[in-house]
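Novice: Below is the file run10.tsv, with TSV, C-alpha atoms.
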chain	number	residue	atom	x	y	z
Y	201	MET	CA	12.63	-70.88	-6.41
Y	202	GLY	CA	8.88	-70.60	-5.97
Y	203	THR	CA	6.21	-72.30	-3.89
Y	204	ILE	CA	2.42	-72.53	-4.12
Y	205	VAL	CA	0.19	-70.92	-1.50
Y	206	GLN	CA	-3.58	-70.90	-1.22
Y	207	LEU	CA	-5.27	-67.50	-1.15
Y	208	THR	CA	-8.78	-67.07	0.24
Y	209	ALA	CA	-11.02	-64.63	-1.60
Y	210	ALA	CA	-13.84	-62.67	0.05
Y	211	ASP	CA	-16.41	-65.25	-1.07
Y	212	GLY	CA	-14.38	-68.09	0.46
Y	213	GLN	CA	-12.99	-69.40	-2.83
Y	214	GLN	CA	-9.48	-70.83	-2.54
Y	215	ILE	CA	-7.11	-69.61	-5.25
Y	216	PRO	CA	-3.60	-71.01	-5.73
Y	217	ALA	CA	-0.77	-68.57	-6.28
Y	218	TYR	CA	2.85	-69.05	-7.24
Y	219	VAL	CA	5.09	-67.22	-4.76
Y	220	ALA	CA	8.73	-66.31	-5.34
Y	221	THR	CA	10.62	-65.17	-2.25
Y	222	PRO	CA	13.73	-62.97	-2.27
Y	223	THR	CA	16.88	-64.15	-0.50
Y	224	GLN	CA	16.79	-61.14	1.84
Y	225	PRO	CA	13.74	-59.81	3.71
Y	226	ALA	CA	11.32	-58.44	1.10
Y	227	LYS	CA	11.34	-54.67	0.71
Y	228	ALA	CA	7.79	-54.77	-0.69
Y	229	ALA	CA	5.61	-57.06	-2.80
Y	230	VAL	CA	4.77	-57.25	-6.49
Y	231	ILE	CA	1.77	-59.19	-7.73
Y	232	VAL	CA	2.15	-60.55	-11.27
Y	233	ILE	CA	-1.06	-60.96	-13.26
Y	234	GLN	CA	-0.93	-63.54	-16.03
Y	235	GLU	CA	-1.68	-63.37	-19.72
Y	236	ILE	CA	-4.44	-65.59	-21.12
Y	237	PHE	CA	-2.03	-68.54	-20.92
Y	238	GLY	CA	-2.24	-69.17	-17.18
Y	239	VAL	CA	0.51	-69.15	-14.58
Y	240	ASN	CA	2.87	-70.82	-17.03
Y	241	VAL	CA	6.65	-71.00	-17.15
Y	242	HIS	CA	6.94	-67.42	-18.41
Y	243	ILE	CA	4.81	-65.94	-15.63
Y	244	ARG	CA	6.76	-67.93	-13.05
Y	245	GLU	CA	9.98	-66.57	-14.56
Y	246	VAL	CA	8.60	-63.02	-14.31
Y	247	ALA	CA	7.78	-63.57	-10.64
Y	248	ASP	CA	11.22	-65.08	-10.02
Y	249	ALA	CA	12.84	-62.03	-11.63
Y	250	TYR	CA	10.96	-59.64	-9.34
Y	251	ALA	CA	12.02	-61.74	-6.35
Y	252	GLN	CA	15.62	-61.36	-7.50
Y	253	GLU	CA	15.06	-57.60	-7.31
Y	254	GLY	CA	14.11	-57.93	-3.64
Y	255	TYR	CA	10.32	-58.16	-3.88
Y	256	LEU	CA	8.02	-60.87	-2.64
Y	257	ALA	CA	6.33	-61.83	-5.92
Y	258	LEU	CA	2.93	-63.53	-6.19
Y	259	ALA	CA	1.22	-64.80	-9.34
Y	260	PRO	CA	-2.38	-65.84	-8.57
Y	261	ALA	CA	-4.06	-68.37	-10.87
Y	262	MET	CA	-6.62	-66.06	-12.45
Y	263	PHE	CA	-8.42	-68.85	-14.35
Y	264	HIS	CA	-8.90	-71.06	-11.28
Y	265	ARG	CA	-12.60	-70.19	-10.93
Y	266	VAL	CA	-13.35	-71.39	-14.45
Y	267	GLN	CA	-10.68	-74.10	-14.87
Y	268	PRO	CA	-8.01	-75.12	-12.35
Y	269	GLY	CA	-4.44	-75.88	-13.33
Y	270	VAL	CA	-4.26	-73.89	-16.58
Y	271	GLU	CA	-0.76	-73.73	-18.05
Y	272	LEU	CA	-0.72	-73.04	-21.78
Y	273	GLY	CA	1.97	-72.40	-24.35
Y	274	TYR	CA	1.82	-69.96	-27.26
Y	275	THR	CA	0.58	-71.99	-30.21
Y	276	GLU	CA	-2.53	-71.05	-32.16
Y	277	ALA	CA	-4.44	-73.76	-30.30
Y	278	ASP	CA	-3.22	-72.38	-26.97
Y	279	MET	CA	-4.33	-68.92	-28.03
Y	280	GLY	CA	-7.82	-70.21	-28.78
Y	281	ALA	CA	-8.02	-72.06	-25.47
Y	282	GLY	CA	-6.81	-68.99	-23.58
Y	283	MET	CA	-9.34	-66.72	-25.27
Y	284	GLY	CA	-12.13	-69.11	-24.32
Y	285	LEU	CA	-11.00	-69.16	-20.68
Y	286	LYS	CA	-10.73	-65.37	-20.65
Y	287	SER	CA	-14.29	-65.09	-21.94
Y	288	ALA	CA	-15.50	-67.46	-19.23
Y	289	ALA	CA	-13.65	-65.52	-16.52
Y	290	ASP	CA	-14.96	-62.20	-17.82
Y	291	ALA	CA	-18.50	-63.59	-17.70
Y	292	LEU	CA	-18.36	-64.31	-13.96
Y	293	ALA	CA	-20.69	-62.24	-11.81
Y	294	ALA	CA	-19.06	-59.14	-10.33
Y	295	PRO	CA	-16.59	-58.78	-8.72
Y	296	GLY	CA	-15.40	-61.90	-10.56
Y	297	VAL	CA	-11.66	-62.46	-10.52
Y	298	LEU	CA	-10.93	-59.02	-9.08
Y	299	GLN	CA	-11.62	-60.49	-5.65
Y	300	ASP	CA	-8.81	-62.97	-6.28
Y	301	ILE	CA	-6.41	-60.10	-6.93
Y	302	GLN	CA	-7.64	-58.48	-3.71
Y	303	ALA	CA	-6.85	-61.73	-1.89
Y	304	ALA	CA	-3.32	-61.62	-3.31
Y	305	ILE	CA	-2.93	-58.00	-2.19
Y	306	ASP	CA	-4.10	-58.88	1.32
Y	307	HIS	CA	-1.75	-61.88	1.48
Y	308	ALA	CA	1.17	-59.73	0.35
Y	309	HIS	CA	0.47	-57.15	3.05
Y	310	GLN	CA	0.29	-59.84	5.71
Y	311	SER	CA	3.49	-61.47	4.48
Y	312	THR	CA	5.70	-58.39	4.20
Y	313	GLY	CA	4.03	-55.59	6.11
Y	314	GLY	CA	5.10	-53.37	3.23
Y	315	LYS	CA	3.62	-51.77	0.14
Y	316	VAL	CA	2.20	-53.74	-2.77
Y	317	GLY	CA	2.55	-53.13	-6.50
Y	318	LEU	CA	0.85	-54.81	-9.41
Y	319	VAL	CA	2.16	-55.70	-12.87
Y	320	GLY	CA	0.12	-57.48	-15.53
Y	321	TYR	CA	0.43	-58.53	-19.16
Y	322	CYS	CA	-2.18	-58.77	-21.94
Y	323	TRP	CA	-5.45	-59.73	-20.17
Y	324	GLY	CA	-3.50	-59.24	-16.95
Y	325	GLY	CA	-2.77	-55.70	-18.07
Y	326	LEU	CA	-6.49	-54.98	-18.24
Y	327	LEU	CA	-7.02	-56.54	-14.82
Y	328	THR	CA	-4.12	-54.48	-13.47
Y	329	TRP	CA	-5.75	-51.27	-14.70
Y	330	ARG	CA	-9.11	-52.23	-13.20
Y	331	ALA	CA	-7.44	-53.15	-9.91
Y	332	ALA	CA	-5.68	-49.77	-9.83
Y	333	CYS	CA	-9.10	-48.13	-10.13
Y	334	LEU	CA	-11.20	-50.38	-7.91
Y	335	LEU	CA	-9.19	-52.33	-5.33
Y	336	LYS	CA	-7.69	-51.41	-1.97
Y	337	GLY	CA	-4.16	-51.75	-0.63
Y	338	LEU	CA	-2.15	-51.06	-3.77
Y	339	SER	CA	0.55	-48.40	-4.06
Y	340	ALA	CA	1.46	-48.61	-7.78
Y	341	ALA	CA	0.47	-50.50	-10.93
Y	342	ALA	CA	2.15	-51.20	-14.27
Y	343	PRO	CA	-0.10	-52.70	-16.97
Y	344	TYR	CA	1.61	-53.99	-20.12
Y	345	TYR	CA	-0.37	-53.92	-23.41
Y	346	GLY	CA	-3.67	-54.51	-21.67
Y	347	GLY	CA	-6.31	-55.32	-24.23
Y	348	GLY	CA	-9.35	-53.15	-23.56
Y	349	VAL	CA	-7.53	-50.62	-21.36
Y	350	THR	CA	-7.82	-47.98	-24.09
Y	351	SER	CA	-11.55	-48.53	-24.66
Y	352	GLU	CA	-13.89	-45.66	-23.90
Y	353	ALA	CA	-15.33	-47.44	-20.87
Y	354	GLU	CA	-11.95	-48.17	-19.31
Y	355	SER	CA	-10.58	-44.73	-20.15
Y	356	ALA	CA	-13.43	-43.27	-18.12
Y	357	ARG	CA	-12.19	-44.99	-14.95
Y	358	GLN	CA	-9.93	-43.14	-12.51
Y	359	ALA	CA	-6.92	-44.82	-10.93
Y	360	GLN	CA	-6.56	-44.46	-7.19
Y	361	ILE	CA	-2.78	-44.97	-7.31
Y	362	PRO	CA	0.16	-44.09	-9.61
Y	363	VAL	CA	0.06	-46.04	-12.89
Y	364	MET	CA	2.71	-46.59	-15.56
Y	365	ALA	CA	1.25	-48.13	-18.74
Y	366	HIS	CA	3.29	-49.81	-21.49
Y	367	PHE	CA	1.96	-50.22	-25.04
Y	368	ALA	CA	3.34	-51.60	-28.30
Y	369	GLU	CA	3.24	-49.38	-31.38
Y	370	LEU	CA	2.79	-52.38	-33.73
Y	371	ASP	CA	0.04	-53.99	-31.66
Y	372	LYS	CA	-2.88	-54.88	-33.94
Y	373	TRP	CA	-5.07	-55.50	-30.88
Y	374	ILE	CA	-4.54	-52.04	-29.39
Y	375	PRO	CA	-4.41	-49.34	-32.11
Y	376	MET	CA	-2.19	-46.36	-31.42
Y	377	ASP	CA	-5.05	-43.91	-31.90
Y	378	SER	CA	-6.76	-45.54	-28.94
Y	379	VAL	CA	-3.53	-45.34	-26.92
Y	380	ASN	CA	-3.29	-41.63	-27.70
Y	381	ALA	CA	-6.92	-41.15	-26.68
Y	382	PHE	CA	-6.26	-42.99	-23.41
Y	383	LYS	CA	-3.20	-40.83	-22.79
Y	384	ALA	CA	-5.25	-37.67	-23.34
Y	385	ALA	CA	-7.99	-38.90	-21.03
Y	386	GLN	CA	-5.53	-39.99	-18.33
Y	387	PRO	CA	-2.89	-37.25	-18.02
Y	388	GLN	CA	-1.85	-38.55	-14.60
Y	389	VAL	CA	-0.86	-41.95	-16.05
Y	390	GLN	CA	2.70	-42.39	-17.31
Y	391	VAL	CA	2.30	-43.88	-20.80
Y	392	HIS	CA	5.24	-45.40	-22.67
Y	393	THR	CA	5.14	-46.87	-26.18
Y	394	TYR	CA	7.66	-49.12	-27.90
Y	395	GLY	CA	8.45	-50.00	-31.49
Y	396	ALA	CA	7.37	-53.58	-30.88
Y	397	ASP	CA	4.38	-55.91	-31.14
Y	398	HIS	CA	1.88	-57.23	-28.61
Y	399	GLY	CA	3.57	-59.58	-26.14
Y	400	PHE	CA	7.01	-57.99	-26.54
Y	401	ASN	CA	7.91	-58.78	-22.93
Y	402	CYS	CA	7.59	-62.55	-23.32
Y	403	ASN	CA	10.75	-64.31	-24.47
Y	404	HIS	CA	8.73	-67.47	-25.16
Y	405	ARG	CA	6.77	-65.77	-27.94
Y	406	GLY	CA	7.75	-64.85	-31.47
Y	407	SER	CA	6.75	-61.25	-30.71
Y	408	TRP	CA	9.43	-60.92	-28.02
Y	409	GLN	CA	11.47	-57.76	-28.51
Y	410	ALA	CA	14.44	-57.81	-26.15
Y	411	GLU	CA	15.28	-54.10	-26.29
Y	412	ALA	CA	11.70	-53.05	-25.56
Y	413	ALA	CA	11.37	-55.66	-22.80
Y	414	VAL	CA	14.54	-54.47	-21.08
Y	415	LEU	CA	13.60	-50.80	-21.30
Y	416	ALA	CA	10.06	-51.39	-20.02
Y	417	LYS	CA	11.40	-53.47	-17.12
Y	418	GLN	CA	13.93	-50.78	-16.21
Y	419	ARG	CA	11.20	-48.17	-16.19
Y	420	THR	CA	8.89	-50.38	-14.16
Y	421	LEU	CA	11.57	-51.14	-11.58
Y	422	ALA	CA	12.36	-47.44	-11.19
Y	423	PHE	CA	8.63	-46.72	-10.86
Y	424	PHE	CA	8.21	-49.40	-8.20
Y	425	LYS	CA	11.30	-48.20	-6.36
Y	426	GLN	CA	9.75	-44.73	-6.21
Y	427	HIS	CA	6.32	-45.84	-5.02
Y	428	LEU	CA	6.86	-49.11	-3.11
Y	429	THR	CA	9.99	-48.46	-1.04
Using structure tokens, write down the structure that the file contains.

Specialist:
Amino acid sequence: MGTIVQLTAADGQQIPAYVATPTQPAKAAVIVIQEIFGVNVHIREVADAYAQEGYLALAPAMFHRVQPGVELGYTEADMGAGMGLKSAADALAAPGVLQDIQAAIDHAHQSTGGKVGLVGYCWGGLLTWRAACLLKGLSAAAPYYGGGVTSEAESARQAQIPVMAHFAELDKWIPMDSVNAFKAAQPQVQVHTYGADHGFNCNHRGSWQAEAAVLAKQRTLAFFKQHLT
């Protein structure tokens, strides 16, 4: 269903992105930001699913600057590799990989002429929150269990667009007290929590929780319908 396009960031860096195209003219675009496992089969499936909902969906390769062609699974070894790549990407000089998300936003605008939303998972959830606060051309953002989003530094940021954030109540990486503090600090953000664990949206992981995944997707689609169309 998808193809690969080359995005050009502000510094001239070429970044590949998986693009899923709807069967009818796209009503808007949704950019899908990966977990620490690269643009793997799950992220491609997420993009395909948004295309089936009528959106042009793009998933940029967020590790390309530090290692091209990353596509990991969900074993312990994959987790370690992904964490190392995340650390390397986070260590890039500012604006780092945020300029690659901006390139995806710009490409989406040029391709559809419509509004652009952003959805991201795990590390991609954190990048989605930062993009909502710092980048231009977005109309809505939906971070899922973004590690670091509830930190004091991130909670001090202000989103420029509507945000719907999804968190897992059993997530050992993101304690619920920090989620509650984020919610108090960000009253304009729609915050939803689920009786599930980190990664509940991914049906390739043991932490997948189908009921939570379906509910979060329904809420996100309604949110995007409100703000993107």

Novice: Find the residues around Y:Asp300 up to 7 Å (all atoms listed in the file counted), leave out those fewer than 4 positions away in its own chain, and share them as a list in words.

Specialist: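 The contact residues come out as Ala209, Ile215 and Ala304 of chain Y.
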
Novice: What's around Y:Gln310 at 12 Å? Count only C-alpha atoms, leave out sequence neighbours fewer than 5 positions away in its own chain, and write the answer as a list in words.

Specialist: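 Residues meeting the cut-off are Leu207, Ala228, Ala229, Leu256, Ala303, Ala304, Ile305, Lys315, Val316 and Gly337 of chain Y.
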
Novice: What's the 9 Å shell around Y:Met364, counting all atoms listed in the file, without same-chain residues fewer than 3 positions away, as a PyMOL selection string?

Specialist: chain Y and resi 340-344+389-392+419-420+423

Novice: Restricted to C-alpha atoms, what would the selected residues look like written as a PDB file, in the frame of the given file?

Specialist:
ATOM      1  CA  ALA Y 340       1.460 -48.610  -7.780  1.00  0.00           C
ATOM      2  CA  ALA Y 341       0.470 -50.500 -10.930  1.00  0.00           C
ATOM      3  CA  ALA Y 342       2.150 -51.200 -14.270  1.00  0.00           C
ATOM      4  CA  PRO Y 343      -0.100 -52.700 -16.970  1.00  0.00           C
ATOM      5  CA  TYR Y 344       1.610 -53.990 -20.120  1.00  0.00           C
ATOM      6  CA  VAL Y 389      -0.860 -41.950 -16.050  1.00  0.00           C
ATOM      7  CA  GLN Y 390       2.700 -42.390 -17.310  1.00  0.00           C
ATOM      8  CA  VAL Y 391       2.300 -43.880 -20.800  1.00  0.00           C
ATOM      9  CA  HIS Y 392       5.240 -45.400 -22.670  1.00  0.00           C
ATOM     10  CA  ARG Y 419      11.200 -48.170 -16.190  1.00  0.00           C
ATOM     11  CA  THR Y 420       8.890 -50.380 -14.160  1.00  0.00           C
ATOM     12  CA  PHE Y 423       8.630 -46.720 -10.860  1.00  0.00           C
TER      13      PHE Y 423
END

Novice: Between Y:Gln252, Y:Gln206, Y:Gln409, Y:Asn240, which one has atoms that come closest to Y:Thr223, using all atoms listed in the file?

Specialist: Y:Gln252

Novice: Choose the residue, out of Y:Met262, Y:Ala353, Y:Val230, Y:Val241, that has the smallest atom-to-atom separation from Y:Leu327; count only C-alpha atoms.

Specialist: Y:Met262

Novice: Neighbouring residues of Y:Cys402 were defined as those with any atom within 8 Å, considering all atoms listed in the file; residues of the same chain fewer than 6 positions away were excluded. Please report them as a list in words.

Specialist: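 Once the adjacent positions are removed, what remains is His242, Trp408 and Ala413 of chain Y.
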
Novice: May I ask for the distance between atom CA of Y:Val246 and atom CA of Y:Ala293, given in Å to one decimal place?

Specialist: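 Between atom CA of Y:Val246 and atom CA of Y:Ala293 the gap is 29.4 Å.
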
Novice: Taking 2 positions as the minimum chain separation for residues in the same chain, which residues sit within 12 Å of Y:Ser351 when counting only C-alpha atoms? Answer as a list of chain:residue names.

Specialist: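 Surrounding residues, per the criterion: Y:Leu326, Y:Trp329, Y:Gly346, Y:Gly347, Y:Gly348, Y:Val349, Y:Ala353, Y:Glu354, Y:Ser355, Y:Ala356, Y:Arg357, Y:Trp373, Y:Ile374, Y:Pro375, Y:Met376, Y:Asp377, Y:Ser378, Y:Val379, Y:Asn380, Y:Ala381, Y:Phe382, Y:Lys383, Y:Ala385.
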
Novice: Using all atoms listed in the file, can you tell me which of Y:Ala257, Y:Cys333, Y:Val297, Y:Val319 comes closest to Y:Asn401?

Specialist: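 Answer, going by the shortest atom-to-atom distance: Y:Val319.
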